[in-house]
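The structure file protein-v1.txt is reproduced below (compact mmCIF, C-alpha atoms and all ligand atoms).
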# COMPACT_ATOMS: atom_id res chain seq x y z
CA MET A 163 14.97 -17.96 12.27
CA LEU A 164 15.44 -15.66 9.29
CA ASP A 165 16.69 -18.59 7.19
CA HIS A 166 13.62 -20.45 8.32
CA LEU A 167 11.46 -17.53 7.17
CA GLU A 168 13.17 -17.28 3.80
CA HIS A 169 12.64 -20.99 3.33
CA ALA A 170 8.95 -20.63 4.26
CA LEU A 171 8.61 -17.76 1.77
CA SER A 172 10.23 -19.75 -1.01
CA ARG A 173 7.59 -22.47 -0.59
CA GLN A 174 4.67 -20.08 -1.18
CA PRO A 175 3.09 -20.01 -4.63
CA ARG A 176 4.34 -16.76 -6.19
CA VAL A 177 4.50 -15.16 -9.60
CA ARG A 178 7.06 -12.46 -10.32
CA LEU A 179 5.27 -9.22 -11.15
CA ALA A 180 7.10 -6.43 -9.36
CA THR A 181 10.45 -4.83 -10.09
CA LEU A 182 12.34 -5.69 -6.92
CA PRO A 183 14.10 -4.63 -4.87
CA THR A 184 12.65 -1.14 -5.00
CA PRO A 185 15.28 1.54 -4.29
CA LEU A 186 15.97 2.73 -0.75
CA GLU A 187 16.94 6.36 -1.30
CA ARG A 188 18.82 8.63 1.07
CA GLY A 189 16.91 11.85 1.65
CA PRO A 190 17.54 15.11 3.49
CA LEU A 191 17.47 15.79 7.23
CA LEU A 192 14.04 16.17 8.79
CA PRO A 193 13.40 19.41 10.72
CA GLY A 194 14.13 17.56 14.01
CA GLY A 195 17.57 16.37 12.82
CA ALA A 196 16.85 12.74 11.84
CA ARG A 197 17.85 11.52 8.38
CA LEU A 198 15.02 10.62 6.00
CA HIS A 199 15.23 7.59 3.71
CA VAL A 200 12.54 6.73 1.17
CA LYS A 201 11.60 3.17 0.18
CA ARG A 202 10.40 3.62 -3.38
CA ASP A 203 7.51 1.20 -3.81
CA ASP A 204 6.05 3.80 -6.15
CA LEU A 205 8.67 2.36 -8.53
CA SER A 206 7.59 -1.27 -8.17
CA GLY A 207 6.47 -1.45 -11.82
CA LEU A 208 3.31 -3.30 -12.85
CA GLY A 209 1.46 -0.40 -14.48
CA LEU A 210 2.90 2.64 -12.67
CA GLY A 211 3.89 1.07 -9.38
CA GLY A 212 2.65 0.89 -5.82
CA ASN A 213 2.58 -1.35 -2.77
CA LYS A 214 -0.07 -3.71 -4.19
CA ALA A 215 2.45 -5.28 -6.57
CA ARG A 216 4.01 -7.10 -3.60
CA LYS A 217 0.68 -8.54 -2.46
CA LEU A 218 -0.33 -9.48 -6.00
CA GLU A 219 2.74 -11.66 -6.45
CA PHE A 220 1.38 -14.03 -3.79
CA LEU A 221 -2.33 -13.52 -4.55
CA CYS A 222 -1.79 -14.33 -8.22
CA GLY A 223 0.43 -17.24 -7.18
CA ALA A 224 -2.56 -18.59 -5.27
CA ALA A 225 -4.90 -17.83 -8.22
CA ARG A 226 -2.62 -19.78 -10.52
CA ALA A 227 -2.34 -22.67 -8.04
CA ALA A 228 -6.17 -22.76 -8.00
CA GLU A 229 -6.11 -22.83 -11.83
CA SER A 230 -8.27 -19.72 -12.03
CA ASP A 231 -8.68 -18.04 -15.40
CA THR A 232 -10.30 -14.82 -14.16
CA LEU A 233 -9.48 -12.26 -11.47
CA ILE A 234 -12.06 -10.05 -9.82
CA THR A 235 -11.50 -7.35 -7.24
CA VAL A 236 -13.19 -4.33 -5.76
CA GLY A 237 -12.22 -0.84 -4.65
CA ALA A 238 -12.92 2.88 -4.50
CA ALA A 239 -13.32 4.83 -7.76
CA GLN A 240 -9.58 5.64 -7.86
CA SER A 241 -8.38 2.32 -6.43
CA ASN A 242 -4.66 1.76 -6.95
CA HIS A 243 -5.17 -1.85 -5.97
CA ALA A 244 -7.76 -2.42 -8.71
CA ARG A 245 -5.47 -0.81 -11.30
CA MET A 246 -2.55 -3.02 -10.31
CA THR A 247 -4.76 -6.12 -10.31
CA ALA A 248 -5.74 -5.31 -13.90
CA ALA A 249 -2.04 -4.87 -14.70
CA ALA A 250 -1.28 -8.27 -13.15
CA GLY A 251 -4.09 -9.81 -15.21
CA ALA A 252 -2.54 -8.34 -18.35
CA VAL A 253 0.89 -9.77 -17.55
CA LEU A 254 -0.49 -13.21 -16.67
CA GLY A 255 -3.08 -13.38 -19.46
CA LEU A 256 -6.01 -13.54 -17.03
CA GLU A 257 -9.31 -11.77 -17.73
CA THR A 258 -9.70 -9.17 -14.97
CA HIS A 259 -12.88 -7.53 -13.69
CA LEU A 260 -12.83 -4.49 -11.40
CA VAL A 261 -15.85 -3.42 -9.37
CA LEU A 262 -15.39 0.27 -8.56
CA GLY A 263 -17.19 2.88 -6.48
CA GLY A 264 -19.09 5.71 -8.14
CA GLU A 265 -20.64 6.06 -11.57
CA ALA A 266 -18.95 5.41 -14.89
CA PRO A 267 -17.17 8.68 -15.78
CA ARG A 268 -17.56 10.35 -19.18
CA VAL A 269 -13.79 10.29 -19.55
CA PRO A 270 -11.73 7.85 -17.44
CA SER A 271 -8.74 9.39 -15.69
CA GLY A 272 -5.97 8.38 -13.29
CA ASN A 273 -6.19 4.78 -12.15
CA GLN A 274 -9.29 4.10 -14.25
CA LEU A 275 -7.50 5.21 -17.39
CA ILE A 276 -4.58 2.84 -16.72
CA SER A 277 -6.95 0.02 -15.71
CA ARG A 278 -8.72 0.31 -19.07
CA LEU A 279 -5.44 0.67 -20.94
CA VAL A 280 -4.18 -2.68 -19.61
CA GLY A 281 -7.45 -4.37 -20.55
CA GLY A 282 -9.30 -4.42 -17.22
CA ARG A 283 -13.10 -4.66 -17.43
CA LEU A 284 -14.62 -1.97 -15.24
CA HIS A 285 -17.99 -2.26 -13.45
CA PHE A 286 -19.35 0.72 -11.53
CA ALA A 287 -21.40 0.15 -8.39
CA GLY A 288 -23.22 3.49 -8.74
CA GLY A 289 -22.17 4.69 -5.27
CA ASP A 290 -19.47 4.36 -2.64
CA ASP A 291 -21.32 2.36 0.02
CA TRP A 292 -19.61 -0.90 0.85
CA SER A 293 -22.98 -2.70 0.54
CA LEU A 294 -23.37 -1.47 -3.06
CA LEU A 295 -19.85 -2.55 -3.97
CA GLU A 296 -20.32 -5.95 -2.40
CA GLN A 297 -23.64 -6.45 -4.17
CA GLU A 298 -22.11 -5.57 -7.54
CA LEU A 299 -19.11 -7.80 -6.80
CA ASN A 300 -21.39 -10.76 -6.08
CA THR A 301 -23.48 -10.12 -9.19
CA VAL A 302 -20.49 -9.86 -11.53
CA ALA A 303 -18.75 -12.89 -9.96
CA ALA A 304 -21.94 -14.98 -10.16
CA THR A 305 -22.41 -14.08 -13.85
CA LEU A 306 -18.81 -15.03 -14.63
CA GLU A 307 -19.03 -18.29 -12.71
CA GLY A 308 -22.37 -19.02 -14.40
CA SER A 309 -20.64 -18.78 -17.77
CA GLY A 310 -18.06 -21.34 -16.66
CA ARG A 311 -15.16 -19.10 -15.69
CA ARG A 312 -12.94 -20.03 -12.77
CA VAL A 313 -12.91 -16.83 -10.77
CA TYR A 314 -10.31 -15.86 -8.16
CA ARG A 315 -11.73 -13.19 -5.84
CA ILE A 316 -9.36 -10.64 -4.34
CA PRO A 317 -10.87 -8.51 -1.56
CA MET A 318 -10.43 -4.76 -1.14
CA GLY A 319 -6.76 -3.76 -1.06
CA GLY A 320 -5.60 -7.36 -1.58
CA SER A 321 -5.43 -7.62 2.19
CA THR A 322 -5.69 -11.31 2.88
CA THR A 323 -3.23 -13.37 4.89
CA VAL A 324 -1.78 -14.47 1.54
CA GLY A 325 -1.50 -10.90 0.18
CA ALA A 326 0.21 -9.73 3.37
CA ILE A 327 3.02 -12.25 2.75
CA GLY A 328 4.22 -9.80 0.08
CA PHE A 329 5.15 -7.41 2.85
CA VAL A 330 6.92 -10.06 4.91
CA ALA A 331 9.16 -10.39 1.84
CA GLY A 332 9.21 -6.57 1.67
CA TRP A 333 10.43 -6.39 5.25
CA ILE A 334 13.30 -8.78 4.54
CA GLU A 335 14.16 -6.75 1.44
CA LEU A 336 14.35 -3.55 3.51
CA MET A 337 16.42 -5.18 6.24
CA CYS A 338 18.92 -6.39 3.60
CA GLN A 339 19.18 -2.90 2.10
CA CYS A 340 19.68 -1.39 5.55
CA ARG A 341 22.48 -3.85 6.24
CA GLU A 342 24.13 -3.05 2.89
CA GLN A 343 23.88 0.69 3.52
CA GLY A 344 24.96 0.45 7.15
CA LEU A 345 21.66 1.83 8.44
CA ARG A 346 19.82 1.01 11.63
CA PRO A 347 16.58 2.96 11.24
CA SER A 348 14.61 3.79 14.37
CA ALA A 349 11.29 3.77 12.52
CA VAL A 350 9.50 2.85 9.31
CA VAL A 351 6.43 4.96 8.48
CA HIS A 352 3.76 4.23 5.86
CA ALA A 353 0.17 5.02 4.90
CA SER A 354 -2.35 2.35 5.90
CA SER A 355 -5.90 1.67 4.80
CA THR A 356 -6.85 -2.02 4.77
CA GLY A 357 -3.90 -2.98 6.98
CA GLY A 358 -2.30 -5.62 4.74
CA THR A 359 0.91 -3.67 4.27
CA HIS A 360 1.20 -3.04 8.00
CA ALA A 361 0.35 -6.68 8.83
CA GLY A 362 3.05 -8.08 6.55
CA LEU A 363 5.68 -5.68 7.91
CA LEU A 364 4.65 -6.54 11.49
CA ALA A 365 4.93 -10.25 10.77
CA GLY A 366 8.40 -9.76 9.30
CA ARG A 367 9.40 -7.59 12.22
CA ALA A 368 8.18 -10.16 14.72
CA VAL A 369 10.42 -12.79 13.12
CA THR A 370 13.40 -10.40 13.28
CA ARG A 371 12.65 -9.74 16.95
CA MET A 372 12.57 -13.50 17.65
CA THR A 373 16.22 -13.60 16.62
CA GLY A 374 16.94 -11.16 19.46
CA VAL A 375 17.84 -8.34 17.08
CA ASP A 376 16.59 -4.79 17.51
CA ALA A 377 14.13 -3.78 14.84
CA PRO A 378 12.77 -0.41 13.76
CA ALA A 379 9.35 0.62 15.05
CA ILE A 380 6.60 0.57 12.44
CA ILE A 381 4.19 3.51 12.39
CA ALA A 382 1.10 2.99 10.23
CA VAL A 383 -0.63 6.25 9.37
CA SER A 384 -4.29 5.48 8.80
CA VAL A 385 -6.06 7.24 5.94
CA VAL A 386 -9.53 5.84 6.58
CA LYS A 387 -10.16 3.88 9.77
CA SER A 388 -9.73 4.84 13.41
CA ALA A 389 -6.94 3.08 15.29
CA GLY A 390 -9.60 1.20 17.28
CA ASP A 391 -11.02 -0.29 14.09
CA LEU A 392 -7.69 -0.99 12.42
CA VAL A 393 -5.50 -2.47 15.18
CA GLU A 394 -7.40 -5.71 15.89
CA ASN A 395 -7.87 -6.42 12.21
CA THR A 396 -4.20 -5.79 11.47
CA ILE A 397 -3.03 -8.08 14.28
CA ALA A 398 -5.36 -10.83 13.04
CA LEU A 399 -4.00 -10.44 9.50
CA ALA A 400 -0.39 -10.48 10.72
CA GLN A 401 -0.97 -13.57 12.85
CA GLY A 402 -2.81 -15.27 9.96
CA CYS A 403 0.03 -14.41 7.64
CA LEU A 404 2.55 -16.06 10.00
CA ARG A 405 0.26 -19.11 10.08
CA GLU A 406 0.28 -19.29 6.26
CA LEU A 407 4.06 -19.37 6.53
CA GLY A 408 4.00 -22.14 9.12
CA LEU A 409 5.33 -19.78 11.80
CA SER A 410 2.36 -19.69 14.17
CA ASP A 411 4.75 -19.82 17.13
CA VAL A 412 5.90 -16.29 16.30
CA CYS A 413 3.83 -13.78 18.24
CA ILE A 414 2.81 -10.25 17.30
CA GLU A 415 3.51 -7.99 20.28
CA ARG A 416 0.51 -5.74 20.76
CA GLU A 417 2.70 -2.84 21.95
CA ALA A 418 4.47 -2.95 18.59
CA VAL A 419 1.27 -2.23 16.68
CA GLU A 420 1.23 1.54 16.24
CA VAL A 421 -1.55 3.18 14.27
CA ASP A 422 -1.70 6.96 13.96
CA SER A 423 -5.22 7.97 12.99
CA THR A 424 -4.74 11.74 13.39
CA GLN A 425 -4.12 12.39 9.68
CA ILE A 426 -7.44 11.18 8.25
CA GLY A 427 -9.06 14.62 8.32
CA PRO A 428 -12.71 14.81 7.17
CA GLY A 429 -12.49 11.38 5.56
CA TYR A 430 -11.06 8.95 3.04
CA ALA A 431 -9.73 10.65 -0.10
CA VAL A 432 -10.55 14.12 1.23
CA PRO A 433 -7.35 16.18 1.17
CA THR A 434 -6.06 17.86 4.33
CA PRO A 435 -3.85 20.94 4.78
CA ALA A 436 -1.25 18.80 6.60
CA GLY A 437 -1.29 16.24 3.79
CA ASP A 438 -0.88 18.93 1.15
CA ALA A 439 1.97 20.57 3.11
CA ALA A 440 3.70 17.18 3.37
CA ILE A 441 3.27 16.66 -0.39
CA ASP A 442 5.00 20.00 -1.02
CA TRP A 443 7.79 19.21 1.48
CA ALA A 444 8.60 15.90 -0.24
CA ALA A 445 8.28 17.28 -3.76
CA ARG A 446 10.57 20.24 -3.15
CA ARG A 447 13.32 18.39 -1.32
CA GLY A 448 13.56 15.06 -3.10
CA ALA A 449 11.14 15.37 -6.04
CA TRP A 450 9.10 12.55 -4.53
CA VAL A 451 5.57 12.65 -5.87
CA LEU A 452 2.96 11.81 -3.23
CA ASP A 453 -0.80 11.53 -3.77
CA ARG A 454 -3.43 13.20 -1.57
CA THR A 455 -5.31 10.05 -0.48
CA TYR A 456 -2.46 7.86 0.80
CA ALA A 457 1.19 8.79 0.61
CA GLY A 458 0.62 12.52 1.32
CA LYS A 459 -1.24 11.78 4.54
CA GLY A 460 1.27 9.05 5.41
CA PHE A 461 4.15 11.47 5.06
CA ALA A 462 2.21 14.09 7.05
CA GLY A 463 2.16 11.49 9.85
CA LEU A 464 5.94 11.15 9.63
CA LEU A 465 6.49 14.93 9.75
CA ASP A 466 4.10 15.17 12.68
CA ALA A 467 5.94 12.43 14.61
CA ASP A 468 9.17 14.33 13.91
CA ARG A 469 7.63 17.58 15.20
CA GLN A 470 6.60 15.79 18.38
CA GLY A 471 10.19 14.71 19.00
CA ARG A 472 9.66 11.05 18.20
CA PHE A 473 12.93 10.72 16.25
CA GLY A 474 16.29 11.51 17.78
CA ASP A 475 18.89 13.78 16.24
CA GLY A 476 21.02 11.51 14.03
CA ASP A 477 18.34 8.79 13.76
CA ASP A 478 17.54 7.22 10.42
CA VAL A 479 13.85 7.10 9.53
CA VAL A 480 12.36 5.27 6.55
CA PHE A 481 9.27 6.54 4.76
CA TRP A 482 7.75 3.63 2.81
CA HIS A 483 6.39 5.35 -0.30
CA THR A 484 3.42 3.12 -1.11
CA GLY A 485 2.68 4.68 -4.52
CA GLY A 486 -0.58 6.21 -5.70
CA THR A 487 1.05 8.04 -8.60
CA PRO A 488 -1.81 7.77 -11.17
CA ALA A 489 -4.25 9.55 -8.83
CA VAL A 490 -2.02 12.64 -8.96
CA PHE A 491 -3.26 13.25 -12.51
CA VAL A 492 -6.96 13.26 -11.62
CA LEU A 493 -8.44 16.76 -11.74
CA GLY A 494 -8.42 18.27 -8.25
CA GLY A 495 -5.81 15.80 -6.99
CA ASN A 496 -7.49 12.50 -6.23
CA ALA A 497 -10.34 13.98 -4.22
CA ALA A 498 -13.00 12.83 -6.64
CA SER A 499 -15.63 13.67 -4.05
CA GLN A 500 -14.40 17.25 -3.56
CA PRO A 501 -13.05 18.63 -6.82
CA GLU A 502 -13.25 22.21 -5.52
CA THR A 503 -10.92 21.76 -2.51
CA THR A 504 -7.66 23.67 -2.48
CA PRO A 505 -5.10 21.99 -4.70
CA VAL A 506 -1.47 21.75 -3.63
CA SER A 507 0.51 24.95 -3.88
CA LEU A 508 2.20 23.83 -7.08
CA ILE A 509 -1.16 23.81 -8.82
CA HIS A 510 -1.92 27.32 -7.51
CA GLU A 511 1.32 28.61 -8.92
CA THR A 512 0.69 27.08 -12.30
CA LYS A 513 -2.66 28.83 -12.41
CA ARG A 514 -1.18 32.18 -11.40
CA GLY A 515 1.28 31.52 -14.23
C1 LIG B 601 -3.52 0.53 -0.82
C2 LIG B 601 -2.59 1.67 -0.56
C3 LIG B 601 -2.08 1.92 0.73
C4 LIG B 601 -2.51 1.15 1.95
O1 LIG B 601 -2.15 -0.19 1.92
P1 LIG B 601 -2.97 -1.24 2.78
O2 LIG B 601 -2.20 -2.47 2.68
O3 LIG B 601 -4.33 -1.34 2.12
O4 LIG B 601 -3.11 -0.71 4.16
C5 LIG B 601 -1.19 2.96 0.90
N1 LIG B 601 -0.81 3.72 -0.15
C6 LIG B 601 -1.27 3.51 -1.40
C7 LIG B 601 -0.82 4.42 -2.48
C8 LIG B 601 -2.18 2.49 -1.65
O5 LIG B 601 -2.65 2.30 -2.89
Take the structure in this file and express it as structure tokens.
Amino acid sequence: MLDHLEHALSRQPRVRLATLPTPLERGPLLPGGARLHVKRDDLSGLGLGGNKARKLEFLCGAARAAESDTLITVGAAQSNHARMTAAAGAVLGLETHLVLGGEAPRVPSGNQLISRLVGGRLHFAGGDDWSLLEQELNTVAATLEGSGRRVYRIPMGGSTTVGAIGFVAGWIELMCQCREQGLRPSAVVHASSTGGTHAGLLAGRAVTRMTGVDAPAIIAVSVVKSAGDLVENTIALAQGCLRELGLSDVCIEREAVEVDSTQIGPGYAVPTPAGDAAIDWAARRGAWVLDRTYAGKGFAGLLDADRQGRFGDGDDVVFWHTGGTPAVFVLGGNAASQPETTPVSLIHETKRG
């Protein structure tokens, strides 16, 4: 079955963009006695790393197969996905347009700075409403198509059935590393927003389970949507992804789809005390740098599961570090909407000097 999957993957249009495999690092013990391991997708390359590099390998493979000469995507003001799409465009020589939330800033920072640096063309929707973003996306795409460009549209977060294939390959990569390191993790935990990462991992896991082998649980820590909103969508993406691979007979077990939506706090990109505490925990024990919108809340979900006794003493637990590094350098963390919220303790100490 796994051979079958690898064969199916090798037939998908793909361009190499990411630095793979990303390291699987051994970390310290968690407070409950399980051993932490960190899957470093923040080191995936492609303009400062992140999980989107995996999706973009297959999305850009499809763009190339369609003979597109232009990429367009959409995201929040500090979208990591948009930044990495611009980076992919730079590598592949494709003109890349990014439709972003908010107004054009006086000085671009974080992801916007890198997006500009790699030659991305930024368009600001003037607000954060999805309807505004979609309107601007349609306008820019129509203008480009009107001038004769062959545009490949990538939706928010790159979460299509094709993009999710990147995380089926990611799952296989992790399973190989676990085998090499003699690990049998009880869980893999990651931050989730559009569900593409989770869907790809679930699809990979389902194939592993078909072979009759035990597989780690996957816990997706939502940073924006309630579990009710995310679960159905994620299952549909995972099932669609298996279909793309010609494996529609593999079934996603509903019980295996775990979404923790207790870490969102007041909303998307608004920092939380638990997220900030998790950022400090990771920084001071392994020098892992987590952002406040995604990885910080994702890791807070892992620490919370540990506190609730989810992991046994002696278990191995993998935190999939999905990236987000550029947002760390935006004033006030990456909470563009709330610059006055309490920064992480490190920032306090710097100020106290
Ligand atoms: C996009 C992103 C996620 C979530 O990935 P999805 O596939 O959209 O659920 C998590 N962490 C970071 C840093 C991201 O940029």
>> Here is a test: counting all atoms listed in the file, which residue of A:Tyr456, A:Phe329, A:Trp292, A:Tyr314 is nearest to ligand LIG 601 (chain B)?
In response: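 Counting all atoms listed in the file, the residue closest to ligand LIG 601 (chain B) is A:Tyr456.
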> How many Å lie between CA of Arg197 in chain A and atom C8 of ligand LIG 601 (chain B), rounded to one decimal?
Replying inline: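 Atom-to-atom, CA of Arg197 in chain A and atom C8 of ligand LIG 601 (chain B) are spaced 24.2 Å apart.
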> So which residues touch Val330 in chain A within 10 Å, counting all atoms listed in the file, skipping near sequence neighbours fewer than 6 positions away, as a list in words?
Replying inline: Leu167, Glu168, Leu171, Arg216, Lys217, Leu336, Thr359, His360, Ala361, Gly362, Leu363, Leu364, Ala365, Gly366, Arg367, Ala368, Val369, Ala400, Cys403, Leu404 and Leu407 of chain A
> Given a cut-off of 7 Å, what residues near ligand LIG 601 (chain B) show up using all atoms listed in the file, put as number ranges by chain?
Replying inline: A: 212-214, 241-243, 319, 321, 353-360, 456-457, 484-486
>> Which residues are near Gly474 in chain A? Cut-off 12 Å, all atoms listed in the file, ignore same chain within fewer than 5 positions. Put them as number ranges by chain.
In response: A: 191-198, 347-349, 467-469, 479
>> Given all atoms listed in the file as the basis, pick out the residue of A:Gly263, A:Gly209, A:Gly402, A:Pro433 nearest to Arg245 in chain A.
In response: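 Result for the nearest residue to Arg245 in chain A: A:Gly209.
Between CA of Val386 in chain A and CA of Pro428 in chain A there is a distance of 9.5 Å.
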>> So that I can see what lies close to Arg178 in chain A, please list as a PyMOL selection string the residues with an atom at most 9 Å from it, counting only C-alpha atoms and leaving out residues fewer than 5 positions away in the same chain.
In response: chain A and resi 219-220+223
> Of the candidates A:Val269, A:Val393, A:Leu221, A:Ile414, which shows the shortest atom-to-atom distance to Gly320 in chain A, using all atoms listed in the file?
Replying inline: A:Leu221
> Do you know which residues are at most 12 Å from Gly344 in chain A counting only C-alpha atoms, after dropping those on the same chain fewer than 6 positions away, and could you put them as a list in words?
Replying inline: Arg188, Leu336, Met337, Cys338 and Asp478 of chain A
> Could you pull the residues within 12 Å of Leu182 in chain A, counting all atoms listed in the file, minus those fewer than 4 positions along the same chain, as number ranges by chain?
Replying inline: A: 178, 186, 201-208, 211-213, 215-216, 219, 328, 331-332, 334-336, 339
> When you draw a straight line from CA of Ala224 in chain A to CA of Leu409 in chain A, how long is it in Å?
Replying inline: 18.8 Å
> Looking at A:Ala180, A:Leu306, A:Ala382, A:Ala462, which one is nearest to Thr434 in chain A, with distances taken over all atoms listed in the file?
Replying inline: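 Once distances to Thr434 in chain A are computed over all atoms listed in the file, the minimum belongs to A:Ala462.
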> Of the candidates A:Asn395, A:Gln297, A:Ser388, A:Ser423, which one gets nearest to Thr323 in chain A if we count all atoms listed in the file?
Replying inline: A:Asn395
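Distances from A:Gly448, A:Pro183, A:Gly308, A:Gly374 to Met163 in chain A were compared using all atoms listed in the file, and the smallest one belongs to A:Gly374.
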Box time for range 408-419 of chain A: axis-aligned, enclosing all its listed atoms, 8 Å extra on each side; report centre and edge lengths in Å to one decimal, as lines of an AutoDock Vina configuration file.
center_x = 3.2
center_y = -12.2
center_z = 15.5
size_x = 21.4
size_y = 35.9
size_z = 28.8
